[in-house]
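coords-v5.cif (mmCIF, C-alpha atoms) appears below.
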data_model
loop_
_atom_site.label_atom_id
_atom_site.label_comp_id
_atom_site.auth_asym_id
_atom_site.auth_seq_id
_atom_site.Cartn_x
_atom_site.Cartn_y
_atom_site.Cartn_z
CA MET A 1 0.00 0.00 0.00
CA ASN A 2 2.82 2.30 0.84
CA ASN A 3 4.51 1.52 -2.47
CA GLN A 4 1.36 2.44 -4.35
CA ASN A 5 1.13 5.77 -2.55
CA ASN A 6 4.76 6.52 -3.36
CA LEU A 7 4.22 5.82 -7.06
CA GLU A 8 1.14 8.07 -7.15
CA GLN A 9 3.11 10.90 -5.52
CA GLN A 10 5.99 10.51 -8.04
CA HIS A 11 3.57 10.49 -10.95
CA SER A 12 1.74 13.56 -9.74
CA GLY A 13 5.11 15.33 -9.31
CA LYS A 14 6.17 14.52 -12.87
CA VAL A 15 2.81 15.70 -14.24
CA SER A 16 3.10 18.98 -12.38
CA LEU A 17 6.66 19.44 -13.66
CA MET A 18 5.58 18.77 -17.24
CA ASN A 19 2.75 21.27 -16.84
CA ASP A 20 5.20 23.86 -15.60
CA ASN A 21 7.58 23.24 -18.55
CA PHE A 22 4.70 23.36 -21.03
CA GLY A 23 3.67 26.69 -19.62
CA GLU A 24 7.18 28.01 -20.13
CA LEU A 25 7.17 26.75 -23.73
CA GLN A 26 3.89 28.56 -24.36
CA ASN A 27 5.50 31.80 -23.26
CA ILE A 28 8.37 31.47 -25.81
CA GLU A 29 7.97 33.77 -28.84
CA VAL A 30 8.71 31.94 -32.11
CA ASN A 31 9.88 33.82 -35.20
CA SER A 32 8.20 32.05 -38.13
CA GLU A 33 10.33 33.88 -40.74
CA LEU A 34 13.49 32.51 -39.15
CA LEU A 35 12.14 28.97 -39.33
CA VAL A 36 11.25 29.41 -43.02
CA ASN A 37 14.71 30.73 -43.84
CA VAL A 38 16.44 27.90 -42.03
CA ASP A 39 14.32 25.31 -43.80
CA PHE A 40 14.98 26.94 -47.20
CA ARG A 41 18.75 26.94 -46.65
CA GLN A 42 18.65 23.28 -45.69
CA PHE A 43 16.69 22.55 -48.89
CA GLN A 44 19.29 24.36 -50.98
CA GLN A 45 22.10 22.33 -49.43
CA LYS A 46 20.27 19.10 -50.16
CA GLU A 47 19.62 20.22 -53.73
CA LYS A 48 23.32 20.84 -54.32
CA THR A 49 24.21 17.35 -53.18
CA LEU A 50 21.93 15.77 -55.79
CA SER A 51 23.49 15.07 -59.24
CA ARG A 52 21.59 16.50 -62.18
CA PRO A 53 20.80 14.00 -64.94
CA ILE A 54 22.62 14.58 -68.25
CA SER A 55 22.05 13.11 -71.70
CA PHE A 56 24.16 10.29 -73.07
CA PHE A 57 25.98 12.44 -75.62
CA ARG A 58 26.76 15.15 -73.08
CA GLY A 59 28.15 12.49 -70.80
CA VAL A 60 30.31 11.12 -73.62
CA LEU A 61 31.70 14.56 -74.42
CA LYS A 62 32.32 15.29 -70.74
CA ARG A 63 34.30 12.07 -70.29
CA PHE A 64 36.15 12.61 -73.57
CA PHE A 65 37.33 16.14 -72.68
CA LYS A 66 38.62 14.91 -69.34
CA ASN A 67 41.32 13.10 -71.32
CA LYS A 68 43.95 15.83 -71.81
CA TRP A 69 45.93 13.93 -74.42
CA ALA A 70 42.80 13.32 -76.45
CA VAL A 71 42.03 17.05 -76.42
CA VAL A 72 45.60 17.89 -77.53
CA PHE A 73 45.51 15.47 -80.44
CA LEU A 74 41.98 16.56 -81.33
CA ILE A 75 43.36 20.07 -81.82
CA ILE A 76 46.21 18.66 -83.94
CA PHE A 77 43.69 16.67 -85.99
CA ILE A 78 41.54 19.75 -86.62
CA VAL A 79 44.58 21.87 -87.56
CA ILE A 80 45.82 19.26 -90.05
CA CYS A 81 42.39 18.98 -91.69
CA LEU A 82 42.01 22.76 -91.92
CA MET A 83 45.48 23.16 -93.43
CA ALA A 84 44.71 20.47 -96.00
CA LEU A 85 41.64 22.47 -97.04
CA ILE A 86 43.03 26.00 -96.84
CA ILE A 87 46.65 25.81 -98.06
CA PRO A 88 45.92 24.42 -101.59
CA LEU A 89 43.32 27.17 -102.06
CA THR A 90 45.39 30.07 -100.72
CA SER A 91 48.90 29.13 -101.85
CA PRO A 92 50.38 31.46 -104.51
CA TYR A 93 51.96 28.47 -106.24
CA PRO A 94 50.16 25.73 -108.18
CA SER A 95 50.23 22.26 -106.68
CA PHE A 96 50.99 20.22 -109.80
CA SER A 97 52.89 22.51 -112.16
CA PRO A 98 56.28 24.28 -111.89
CA ILE A 99 56.23 27.54 -109.97
CA LEU A 100 57.91 29.24 -112.97
CA SER A 101 56.41 27.69 -116.08
CA ASN A 102 58.11 30.15 -118.46
CA THR A 103 61.62 29.34 -117.22
CA ASN A 104 63.87 26.42 -118.01
CA PRO A 105 62.70 23.72 -115.54
CA GLN A 106 66.24 22.42 -115.17
CA LEU A 107 67.29 25.77 -113.72
CA ILE A 108 64.64 25.93 -111.01
CA ARG A 109 64.19 22.29 -110.10
CA MET A 110 64.91 21.01 -106.58
CA LEU A 111 65.17 24.42 -104.94
CA PRO A 112 66.02 24.41 -101.22
CA PRO A 113 63.58 25.54 -98.53
CA ARG A 114 63.31 29.29 -98.13
CA LEU A 115 61.50 31.54 -95.67
CA LEU A 116 61.43 35.32 -95.49
CA GLY A 117 64.96 36.62 -94.87
CA MET A 118 66.69 33.34 -95.78
CA ASP A 119 69.37 33.10 -98.48
CA PRO A 120 70.33 29.42 -98.55
CA ILE A 121 73.30 28.02 -100.41
CA TYR A 122 72.44 25.03 -102.53
CA THR A 123 74.49 22.39 -104.34
CA TYR A 124 72.65 20.61 -107.09
CA PRO A 125 72.61 16.85 -106.42
CA GLU A 126 73.32 16.10 -110.07
CA PRO A 127 75.86 17.59 -112.50
CA ILE A 128 74.67 20.65 -114.37
CA SER A 129 75.19 20.79 -118.13
CA SER A 130 77.63 23.30 -119.51
CA ASP A 131 74.79 25.24 -121.22
CA ILE A 132 72.97 25.77 -117.91
CA TYR A 133 76.22 26.64 -116.17
CA GLU A 134 76.98 29.23 -118.84
CA ALA A 135 73.50 30.76 -118.46
CA VAL A 136 73.93 31.00 -114.68
CA ARG A 137 77.42 32.48 -115.09
CA GLN A 138 76.09 35.20 -117.39
CA LEU A 139 73.39 36.03 -114.84
CA ASP A 140 76.07 36.20 -112.18
CA GLU A 141 78.14 38.62 -114.21
CA ALA A 142 75.23 40.78 -115.36
CA GLY A 143 73.37 40.95 -112.09
CA GLU A 144 72.89 44.43 -110.63
CA GLY A 145 73.86 44.73 -107.00
CA VAL A 146 74.70 41.04 -106.67
CA ARG A 147 77.38 40.78 -109.31
CA GLY A 148 79.67 37.86 -108.70
CA SER A 149 77.66 36.62 -105.71
CA ILE A 150 75.38 33.95 -107.26
CA ILE A 151 77.87 31.19 -107.98
CA VAL A 152 79.68 29.90 -104.91
CA SER A 153 81.70 27.25 -106.70
CA ALA A 154 81.70 25.38 -110.01
CA ILE A 155 83.75 22.22 -110.29
CA GLN A 156 84.05 20.49 -113.62
CA GLN A 157 83.05 16.85 -113.49
CA GLU A 158 86.01 14.54 -113.76
CA GLY A 159 86.16 12.86 -117.15
CA ASN A 160 83.25 14.89 -118.55
CA PRO A 161 84.01 18.52 -119.44
CA ASN A 162 80.37 19.22 -120.42
CA PHE A 163 79.02 18.96 -116.85
CA TYR A 164 79.70 20.86 -113.64
CA TRP A 165 79.05 20.38 -109.97
CA LEU A 166 77.45 23.73 -109.19
CA THR A 167 76.93 25.38 -105.80
CA LEU A 168 75.17 28.75 -105.76
CA TYR A 169 72.72 31.11 -104.10
CA PRO A 170 69.64 30.14 -106.14
CA TYR A 171 67.40 32.92 -104.82
CA ARG A 172 69.83 35.62 -105.97
CA ILE A 173 68.95 34.72 -109.55
CA PRO A 174 66.55 37.50 -110.67
CA ALA A 175 63.88 35.04 -111.88
CA LEU A 176 63.83 33.31 -108.50
CA SER A 177 64.31 36.23 -106.12
CA ASN A 178 60.61 36.59 -105.31
CA LEU A 179 59.96 32.87 -104.65
CA TYR A 180 59.46 31.57 -101.10
CA PRO A 181 58.83 27.82 -101.20
CA VAL A 182 58.50 26.78 -97.55
CA ILE A 183 60.12 23.35 -97.97
CA GLY A 184 61.53 23.84 -101.45
CA THR A 185 60.55 22.33 -104.78
CA ASP A 186 60.68 18.82 -106.14
CA THR A 187 62.62 17.52 -109.13
CA THR A 188 60.22 19.21 -111.58
CA GLY A 189 60.09 22.62 -109.87
CA ILE A 190 56.71 22.12 -108.11
CA ASP A 191 56.28 23.76 -104.71
CA MET A 192 56.46 20.89 -102.22
CA TRP A 193 54.51 22.68 -99.46
CA THR A 194 51.45 23.10 -101.67
CA LYS A 195 51.87 19.69 -103.27
CA VAL A 196 52.02 17.85 -99.94
CA TRP A 197 48.88 19.46 -98.55
CA ASP A 198 46.99 19.12 -101.82
CA GLY A 199 47.96 15.46 -102.02
CA PHE A 200 46.93 14.90 -98.41
CA ALA A 201 43.58 16.61 -99.05
CA GLY A 202 42.95 14.24 -101.97
CA SER A 203 43.85 11.17 -99.94
CA LEU A 204 41.84 12.43 -96.95
CA GLY A 205 38.78 12.89 -99.16
CA THR A 206 39.13 9.36 -100.49
CA GLY A 207 39.60 8.01 -96.95
CA ILE A 208 36.49 9.76 -95.64
CA ILE A 209 34.30 8.70 -98.58
CA VAL A 210 35.44 5.08 -98.40
CA SER A 211 35.02 4.97 -94.61
CA VAL A 212 31.52 6.47 -94.71
CA PHE A 213 30.19 4.06 -97.32
CA ALA A 214 31.98 1.08 -95.76
CA ILE A 215 30.47 1.92 -92.36
CA ILE A 216 26.97 2.34 -93.80
CA ILE A 217 27.06 -0.88 -95.84
CA GLY A 218 28.79 -2.86 -93.09
CA SER A 219 26.42 -1.61 -90.37
CA ILE A 220 23.28 -2.51 -92.30
CA TYR A 221 24.69 -5.89 -93.35
CA GLY A 222 25.93 -6.74 -89.86
CA ALA A 223 22.69 -5.58 -88.23
CA ILE A 224 20.58 -7.81 -90.46
CA ALA A 225 22.88 -10.77 -89.88
CA GLY A 226 22.94 -10.17 -86.12
CA SER A 227 19.17 -9.96 -85.86
CA PHE A 228 18.95 -13.46 -87.45
CA ALA A 229 21.92 -14.89 -85.53
CA GLY A 230 22.08 -18.67 -85.70
CA LYS A 231 19.57 -18.92 -88.51
CA THR A 232 20.12 -19.75 -92.19
CA ILE A 233 20.17 -16.09 -93.25
CA ASP A 234 22.95 -15.28 -90.80
CA ILE A 235 24.99 -18.34 -91.80
CA VAL A 236 24.76 -17.51 -95.52
CA MET A 237 25.62 -13.84 -94.98
CA MET A 238 28.65 -14.68 -92.86
CA ARG A 239 29.91 -17.24 -95.37
CA ILE A 240 29.75 -14.55 -98.08
CA ILE A 241 32.02 -12.36 -95.95
CA ASP A 242 34.36 -15.30 -95.34
CA ILE A 243 34.65 -15.97 -99.08
CA ILE A 244 35.37 -12.35 -99.98
CA GLY A 245 37.69 -11.87 -97.02
CA SER A 246 39.72 -14.96 -97.87
CA VAL A 247 40.98 -13.28 -101.05
CA PRO A 248 43.87 -10.84 -100.43
CA SER A 249 42.93 -7.21 -100.91
CA VAL A 250 45.68 -6.53 -103.42
CA VAL A 251 44.55 -9.50 -105.53
CA LEU A 252 41.00 -8.11 -105.62
CA LEU A 253 42.32 -4.77 -106.80
CA ILE A 254 44.50 -6.37 -109.48
CA VAL A 255 41.50 -8.32 -110.78
CA LEU A 256 39.46 -5.14 -110.85
CA SER A 257 42.20 -3.31 -112.78
CA LEU A 258 42.33 -6.15 -115.31
CA VAL A 259 38.54 -5.97 -115.74
CA ILE A 260 38.76 -2.24 -116.37
CA ALA A 261 41.58 -2.72 -118.83
CA SER A 262 39.73 -5.45 -120.74
CA SER A 263 36.54 -3.36 -120.94
CA ASN A 264 38.46 -0.47 -122.49
CA PRO A 265 41.40 -1.59 -124.65
CA ASP A 266 42.63 1.98 -125.04
CA ALA A 267 42.94 2.49 -121.27
CA SER A 268 45.88 1.43 -119.18
CA ALA A 269 45.51 -1.21 -116.50
CA THR A 270 45.35 1.32 -113.70
CA LEU A 271 42.55 2.47 -111.44
CA ASP A 272 41.11 5.97 -111.63
CA ASN A 273 39.57 7.80 -108.65
CA THR A 274 36.10 6.26 -109.05
CA SER A 275 37.43 2.72 -109.52
CA ILE A 276 39.81 2.89 -106.58
CA THR A 277 37.10 4.28 -104.32
CA PHE A 278 34.72 1.50 -105.30
CA ALA A 279 37.44 -1.13 -104.84
CA LEU A 280 38.38 0.16 -101.39
CA ILE A 281 34.73 0.15 -100.32
CA LEU A 282 34.46 -3.43 -101.58
CA ILE A 283 37.24 -4.61 -99.28
CA SER A 284 36.53 -2.31 -96.29
CA TRP A 285 32.88 -2.97 -95.34
CA MET A 286 33.46 -6.47 -93.93
CA GLY A 287 35.20 -5.31 -90.74
CA PRO A 288 32.32 -3.01 -89.67
CA ALA A 289 29.85 -5.80 -90.53
CA TYR A 290 31.55 -8.21 -88.12
CA LEU A 291 31.68 -5.50 -85.43
CA VAL A 292 28.01 -4.53 -85.69
CA ARG A 293 26.89 -8.16 -85.79
CA MET A 294 28.81 -8.90 -82.59
CA TYR A 295 27.25 -5.97 -80.71
CA ILE A 296 23.77 -6.80 -82.02
CA ILE A 297 24.05 -10.37 -80.73
CA ARG A 298 25.41 -9.14 -77.40
CA ASN A 299 22.61 -6.60 -76.82
CA ARG A 300 19.56 -8.17 -78.47
CA ASN A 301 18.39 -9.76 -75.19
CA ALA A 302 19.08 -6.73 -73.02
CA GLU A 303 16.35 -5.52 -70.66
CA TYR A 304 15.47 -2.42 -72.69
CA ILE A 305 15.06 -4.58 -75.82
CA GLN A 306 12.81 -6.97 -73.92
CA THR A 307 10.73 -3.98 -72.82
CA VAL A 308 10.31 -2.85 -76.43
CA ARG A 309 9.21 -6.36 -77.43
CA VAL A 310 6.66 -6.47 -74.60
CA ILE A 311 5.03 -3.20 -75.69
CA GLY A 312 4.76 -4.49 -79.27
CA GLY A 313 7.83 -3.09 -81.02
CA SER A 314 8.59 -4.71 -84.39
CA LYS A 315 11.94 -6.28 -85.29
CA SER A 316 12.81 -3.48 -87.69
CA ARG A 317 12.02 -0.85 -85.07
CA ILE A 318 14.11 -2.65 -82.47
CA LEU A 319 16.97 -2.95 -84.95
CA PHE A 320 17.10 0.56 -86.46
CA PHE A 321 15.68 2.65 -83.60
CA HIS A 322 17.16 0.94 -80.56
CA LEU A 323 20.06 -1.45 -81.25
CA LEU A 324 21.93 0.56 -83.90
CA PRO A 325 21.62 3.92 -82.08
CA ASN A 326 22.82 2.22 -78.90
CA ILE A 327 26.08 1.15 -80.60
CA SER A 328 26.51 4.35 -82.62
CA GLY A 329 29.49 5.30 -80.46
CA ARG A 330 31.28 2.07 -81.34
CA ILE A 331 30.50 2.61 -85.01
CA PHE A 332 31.95 6.12 -84.87
CA VAL A 333 35.13 4.81 -83.25
CA ARG A 334 35.47 2.25 -86.05
CA PHE A 335 34.95 5.02 -88.62
CA VAL A 336 37.77 7.12 -87.16
CA HIS A 337 40.06 4.08 -87.07
CA MET A 338 39.42 3.33 -90.76
CA ILE A 339 40.43 6.68 -92.27
CA PRO A 340 44.25 6.44 -91.88
CA GLY A 341 44.16 2.79 -92.92
CA VAL A 342 42.37 3.67 -96.16
CA ILE A 343 44.84 6.49 -96.86
CA PHE A 344 47.78 4.15 -96.30
CA PHE A 345 46.32 1.45 -98.54
CA GLU A 346 45.43 3.94 -101.27
CA THR A 347 48.99 5.33 -101.13
CA SER A 348 50.48 1.87 -101.51
CA LEU A 349 48.41 1.27 -104.66
CA ILE A 350 50.11 4.17 -106.44
CA ILE A 351 53.54 3.05 -105.30
CA ILE A 352 53.01 -0.43 -106.80
CA GLY A 353 51.49 1.07 -109.95
CA LEU A 354 47.80 0.11 -109.63
CA ARG A 355 46.45 3.65 -109.57
CA THR A 356 46.64 6.46 -112.08
CA PRO A 357 49.80 8.41 -111.16
CA THR A 358 48.34 11.80 -112.12
CA SER A 359 45.96 11.80 -109.15
CA ASN A 360 46.49 14.19 -106.26
CA SER A 361 47.43 11.91 -103.39
CA PHE A 362 50.17 10.97 -100.98
CA GLY A 363 51.12 8.04 -103.18
CA GLN A 364 52.10 10.34 -106.02
CA ILE A 365 54.29 12.37 -103.66
CA PHE A 366 56.14 9.28 -102.42
CA THR A 367 56.54 8.10 -106.00
CA ASP A 368 58.10 11.41 -106.98
CA THR A 369 60.49 11.28 -104.03
CA TYR A 370 61.79 7.83 -104.95
CA GLY A 371 65.43 8.03 -106.01
CA THR A 372 66.00 11.57 -104.73
CA ASN A 373 68.12 12.69 -101.81
CA LEU A 374 65.96 15.65 -100.80
CA ALA A 375 65.13 15.18 -97.13
CA GLN A 376 62.21 17.61 -97.09
CA MET A 377 60.45 15.67 -99.87
CA VAL A 378 60.47 12.54 -97.72
CA TYR A 379 60.13 13.81 -94.17
CA ALA A 380 57.36 16.37 -94.72
CA PRO A 381 54.65 13.96 -96.00
CA ILE A 382 55.74 11.27 -93.53
CA ALA A 383 55.51 13.71 -90.59
CA ILE A 384 52.06 14.93 -91.64
CA PHE A 385 50.69 11.42 -92.11
CA ALA A 386 52.25 10.20 -88.86
CA LEU A 387 50.70 13.07 -86.87
CA PHE A 388 47.34 12.44 -88.52
CA ALA A 389 47.44 8.68 -87.91
CA VAL A 390 48.50 9.05 -84.27
CA SER A 391 45.83 11.71 -83.70
CA THR A 392 43.04 9.55 -85.11
CA GLN A 393 44.11 6.55 -83.04
CA ILE A 394 44.27 8.50 -79.76
CA ILE A 395 40.95 10.23 -80.49
CA ALA A 396 39.31 6.91 -81.34
CA ASN A 397 40.65 5.23 -78.20
CA ALA A 398 39.50 8.13 -76.00
CA MET A 399 36.07 8.06 -77.62
CA ASN A 400 35.92 4.29 -77.11
CA ASP A 401 36.53 4.82 -73.38
CA ALA A 402 33.96 7.64 -73.28
CA VAL A 403 31.15 5.53 -74.75
CA ASP A 404 32.00 2.42 -72.72
CA PRO A 405 29.10 1.93 -70.25
CA ARG A 406 31.37 0.03 -67.87
CA ILE A 407 33.30 3.20 -66.94
CA ILE A 408 30.33 5.56 -66.69
CA GLY A 409 30.32 7.06 -63.22
CA LYS A 410 34.00 6.51 -62.59
#

Same coordinates, now as structure tokens:
Amino acid sequence: MNNQNNLEQQHSGKVSLMNDNFGELQNIEVNSELLVNVDFRQFQQKEKTLSRPISFFRGVLKRFFKNKWAVVFLIIFIVICLMALIIPLTSPYPSFSPILSNTNPQLIRMLPPRLLGMDPIYTYPEPISSDIYEAVRQLDEAGEGVRGSIIVSAIQQEGNPNFYWLTLYPYRIPALSNLYPVIGTDTTGIDMWTKVWDGFAGSLGTGIIVSVFAIIIGSIYGAIAGSFAGKTIDIVMMRIIDIIGSVPSVVLLIVLSLVIASSNPDASATLDNTSITFALILISWMGPAYLVRMYIIRNRNAEYIQTVRVIGGSKSRILFFHLLPNISGRIFVRFVHMIPGVIFFETSLIIIGLRTPTSNSFGQIFTDTYGTNLAQMVYAPIAIFALFAVSTQIIANAMNDAVDPRIIGK
């Protein structure tokens, strides 16, 4: 009984204390504006911590530009392409004719590089005939203000009095004084700077055209084969690729050149621009077809494809509106990889004599440099192509990492 009384007294004491505290709380003045401001600031902080959703392509570009080396080589790639377009159009010298057509070509051939303010000494790599030497000597004697300063030395060739080894200041000759070939001229007097960029522009155009059509044909072919994977249609389509791919590419091009030659007896057995483009497309579409087929088979049972099937999407809609767009990044990477390969293959065709040598391309430049000892004629096109090839490979690899779903979020 006593315990019960003690508990009732403790309870009544707690109730009275709570009533007293509640009364004190009722007397507190609350500033409602302060509470609103505090709540709003807390909401802003929470909002900042949430990540905003971005589109797939924005995410790809964001991840791509995080790669500093890819950005550097992207700039190099853009500069090379712009120079290939601008320099042949703005150069004061023609790309495939001597810079001085009204002058003896033997006098102006193989000029050394010259920039503003330069006066290089040049020794001709081959003996100069006595007639040309006599003409240069007369210019040296008759020159105003530079008399006696054109010819540095003239040594008669041993055993042949009609030829001289001639060293001179070529740009002190009046006819050449206003010429500024950046990397000199070739053996026929053509400005090498303009010729290299014009040839690269021609090869680049061929590479882009071939790559675009090869990607389009290969993507459609591979997508159809992948959508029927394991069935008769897929087996037949893949065996066609195996048959064509088993024949070496050069052999296919030789057969094509023979067909062209037999159809036109008056034509030489070489490939013109249209024929070489068609031939390169014929041997280039199989790689993209294999690639697209592989990705179609890998993704055709993905959850988003199953969802499209459930809601009634047709096979063609799934293929062209869902599967192909989903692997568009991979297709673009393959496209970038193909361009330097096509340029290299097209260049090799001219070197082995399967393409018309009058075409503007890198192959013609390398053919002209064969047998010469002019370093700038060899190193300039090699350096440009090497920079372009390295740039495309690094850009393609960076883009491949950017579109890879396995690294998204890292």

Worksheet item: Looking at A:Leu323, A:Gly329, A:Ile240, A:Phe366, which one is nearest to Glu303 in chain A, with distances taken over only C-alpha atoms?
Response: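 Answer, going by the shortest atom-to-atom distance: A:Leu323.
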
Worksheet item: How far is it from CA of Val136 in chain A to CA of Pro113 in chain A, in Å with one decimal?
Response: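 Interatomic distance, CA of Val136 in chain A to CA of Pro113 in chain A: 19.9 Å.
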
Quick one: everything within 8 Å of Ile365 in chain A, counting all atoms listed in the file, minus sequence neighbours fewer than 4 positions away in the same chain. Send it as a compact mmCIF listing (two decimals) with C-alpha atoms, in the coordinates of the input.
# COMPACT_ATOMS: atom_id res chain seq x y z
CA LYS A 195 51.87 19.69 -103.27
CA VAL A 196 52.02 17.85 -99.94
CA GLY A 199 47.96 15.46 -102.02
CA SER A 361 47.43 11.91 -103.39
CA THR A 369 60.49 11.28 -104.03
CA MET A 377 60.45 15.67 -99.87
CA PRO A 381 54.65 13.96 -96.00

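Checking A:Ile243, A:Ile305, A:Ile150, A:Ile155 one by one against Asp119 in chain A, counting all atoms listed in the file, you find the shortest gap at A:Ile150.
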
Worksheet item: Residues around (41.9, 5.6, -84.9), cut-off 9 Å, counting only C-alpha atoms - what are they as JSON, numbers by chain?
Response: {"A": [333, 334, 335, 336, 337, 338, 339, 340, 341, 389, 390, 391, 392, 393, 394, 395, 396, 397]}

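Using the PyMOL selection byres ((chain A and resi 222) around 7) on this structure selects Gly218, Ser219, Ile220, Tyr221, Ala223, Ile224, Ala225, Gly226, Ala289, Tyr290, Val292 and Arg293 of chain A.
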
Item to complete: Could you give me, as a VMD selection string, the residues that sit within 12 Å of (40.8, 17.2, -78.0) in the file's coordinates, counting all atoms listed in the file?
Response: chain A and resid 61 to 79 391 to 392 394 to 399

Can I get the selection written as a PDB file, in the coordinates of the input, with C-alpha atoms?
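Below you can see part_30.pdb, which holds the result:
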ATOM      1  CA  LEU A  61      31.700  14.560 -74.420  1.00  0.00           C
ATOM      2  CA  LYS A  62      32.320  15.290 -70.740  1.00  0.00           C
ATOM      3  CA  ARG A  63      34.300  12.070 -70.290  1.00  0.00           C
ATOM      4  CA  PHE A  64      36.150  12.610 -73.570  1.00  0.00           C
ATOM      5  CA  PHE A  65      37.330  16.140 -72.680  1.00  0.00           C
ATOM      6  CA  LYS A  66      38.620  14.910 -69.340  1.00  0.00           C
ATOM      7  CA  ASN A  67      41.320  13.100 -71.320  1.00  0.00           C
ATOM      8  CA  LYS A  68      43.950  15.830 -71.810  1.00  0.00           C
ATOM      9  CA  TRP A  69      45.930  13.930 -74.420  1.00  0.00           C
ATOM     10  CA  ALA A  70      42.800  13.320 -76.450  1.00  0.00           C
ATOM     11  CA  VAL A  71      42.030  17.050 -76.420  1.00  0.00           C
ATOM     12  CA  VAL A  72      45.600  17.890 -77.530  1.00  0.00           C
ATOM     13  CA  PHE A  73      45.510  15.470 -80.440  1.00  0.00           C
ATOM     14  CA  LEU A  74      41.980  16.560 -81.330  1.00  0.00           C
ATOM     15  CA  ILE A  75      43.360  20.070 -81.820  1.00  0.00           C
ATOM     16  CA  ILE A  76      46.210  18.660 -83.940  1.00  0.00           C
ATOM     17  CA  PHE A  77      43.690  16.670 -85.990  1.00  0.00           C
ATOM     18  CA  ILE A  78      41.540  19.750 -86.620  1.00  0.00           C
ATOM     19  CA  VAL A  79      44.580  21.870 -87.560  1.00  0.00           C
ATOM     20  CA  SER A 391      45.830  11.710 -83.700  1.00  0.00           C
ATOM     21  CA  THR A 392      43.040   9.550 -85.110  1.00  0.00           C
ATOM     22  CA  ILE A 394      44.270   8.500 -79.760  1.00  0.00           C
ATOM     23  CA  ILE A 395      40.950  10.230 -80.490  1.00  0.00           C
ATOM     24  CA  ALA A 396      39.310   6.910 -81.340  1.00  0.00           C
ATOM     25  CA  ASN A 397      40.650   5.230 -78.200  1.00  0.00           C
ATOM     26  CA  ALA A 398      39.500   8.130 -76.000  1.00  0.00           C
ATOM     27  CA  MET A 399      36.070   8.060 -77.620  1.00  0.00           C
TER      28      MET A 399
END

Worksheet item: Using all atoms listed in the file, which of the listed residues (A:Ile350, A:Leu280, A:Ile296, A:Val236) sits closest to Leu253 in chain A?
Response: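 That would be A:Leu280, the residue with the smallest distance to Leu253 in chain A.
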
Worksheet, complete the sentence: Of A:Asn160, A:Leu82, A:Leu179, A:Arg58, the one sitting nearest Leu111 in chain A when using only C-alpha atoms is A:Leu179

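Distances to Arg172 in chain A were evaluated for A:Ser149, A:Thr194, A:Gln157, A:Ser97 using only C-alpha atoms, and the minimum falls at A:Ser149.
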
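When the distance limit is 8 Å and all atoms listed in the file are what count, the residues near Ala84 in chain A, minus those fewer than 4 positions from it on the same chain, are Ile80, Pro88, Trp197, Asp198, Phe200 and Ala201 of chain A.
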
Worksheet item: Got a sec to resolve the PyMOL selection byres ((chain A and resi 250) around 12) on this structure and send the residues as a list of chain:residue names?
Response: A:Gly245, A:Ser246, A:Val247, A:Pro248, A:Ser249, A:Val251, A:Leu252, A:Leu253, A:Ile254, A:Val255, A:Leu256, A:Ser257, A:Ile276, A:Ala279, A:Leu280, A:Leu282, A:Ile283, A:Phe345, A:Glu346, A:Ser348, A:Leu349, A:Ile350, A:Ile352, A:Gly353, A:Leu354, A:Arg355

Could you give me the axis-aligned bounding box of range 167-178 of chain A, with 8 Å of padding per side, as centre plus edge lengths in Å to one decimal, as AutoDock Vina command-line options?
--center_x 68.8 --center_y 31.4 --center_z -108.0 --size_x 32.3 --size_y 28.1 --size_z 23.8

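When CA of Tyr379 in chain A is paired with CA of Asn178 in chain A, their separation reads 25.4 Å.
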
Discussion item. Quick check, in Å to one decimal: how far apart do CA of Thr185 in chain A and CA of Met110 in chain A lie?
Written reply: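 These two atoms are separated by 4.9 Å.
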
Worksheet entry | Given only C-alpha atoms as the counted atoms, nearest of A:Ser275, A:Asn301, A:Thr347, A:Thr188 to Ser95 in chain A |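 Selected residue with least distance to Ser95 in chain A: A:Thr188.
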
Skip Pro127 in chain A itself and residues of its chain fewer than 3 positions away, then list as a PDB file with C-alpha atoms, in the coordinates of the input all residues within 7 Å of it, counting all atoms listed in the file.
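Below you can see out15.pdb, which holds the result:
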ATOM      1  CA  TYR A 124      72.650  20.610-107.090  1.00  0.00           C
ATOM      2  CA  PHE A 163      79.020  18.960-116.850  1.00  0.00           C
ATOM      3  CA  TYR A 164      79.700  20.860-113.640  1.00  0.00           C
ATOM      4  CA  TRP A 165      79.050  20.380-109.970  1.00  0.00           C
TER       5      TRP A 165
END

Could you pull the residues within 12 Å of Val152 in chain A, counting only C-alpha atoms, minus those fewer than 6 positions along the same chain, as a PDB file with C-alpha atoms, in the coordinates of the input?
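Resulting contents of out37.pdb:
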ATOM      1  CA  PRO A 120      70.330  29.420 -98.550  1.00  0.00           C
ATOM      2  CA  ILE A 121      73.300  28.020-100.410  1.00  0.00           C
ATOM      3  CA  TYR A 122      72.440  25.030-102.530  1.00  0.00           C
ATOM      4  CA  THR A 123      74.490  22.390-104.340  1.00  0.00           C
ATOM      5  CA  TYR A 124      72.650  20.610-107.090  1.00  0.00           C
ATOM      6  CA  VAL A 136      73.930  31.000-114.680  1.00  0.00           C
ATOM      7  CA  ARG A 137      77.420  32.480-115.090  1.00  0.00           C
ATOM      8  CA  ASP A 140      76.070  36.200-112.180  1.00  0.00           C
ATOM      9  CA  TRP A 165      79.050  20.380-109.970  1.00  0.00           C
ATOM     10  CA  LEU A 166      77.450  23.730-109.190  1.00  0.00           C
ATOM     11  CA  THR A 167      76.930  25.380-105.800  1.00  0.00           C
ATOM     12  CA  LEU A 168      75.170  28.750-105.760  1.00  0.00           C
ATOM     13  CA  TYR A 169      72.720  31.110-104.100  1.00  0.00           C
ATOM     14  CA  PRO A 170      69.640  30.140-106.140  1.00  0.00           C
ATOM     15  CA  ARG A 172      69.830  35.620-105.970  1.00  0.00           C
TER      16      ARG A 172
END
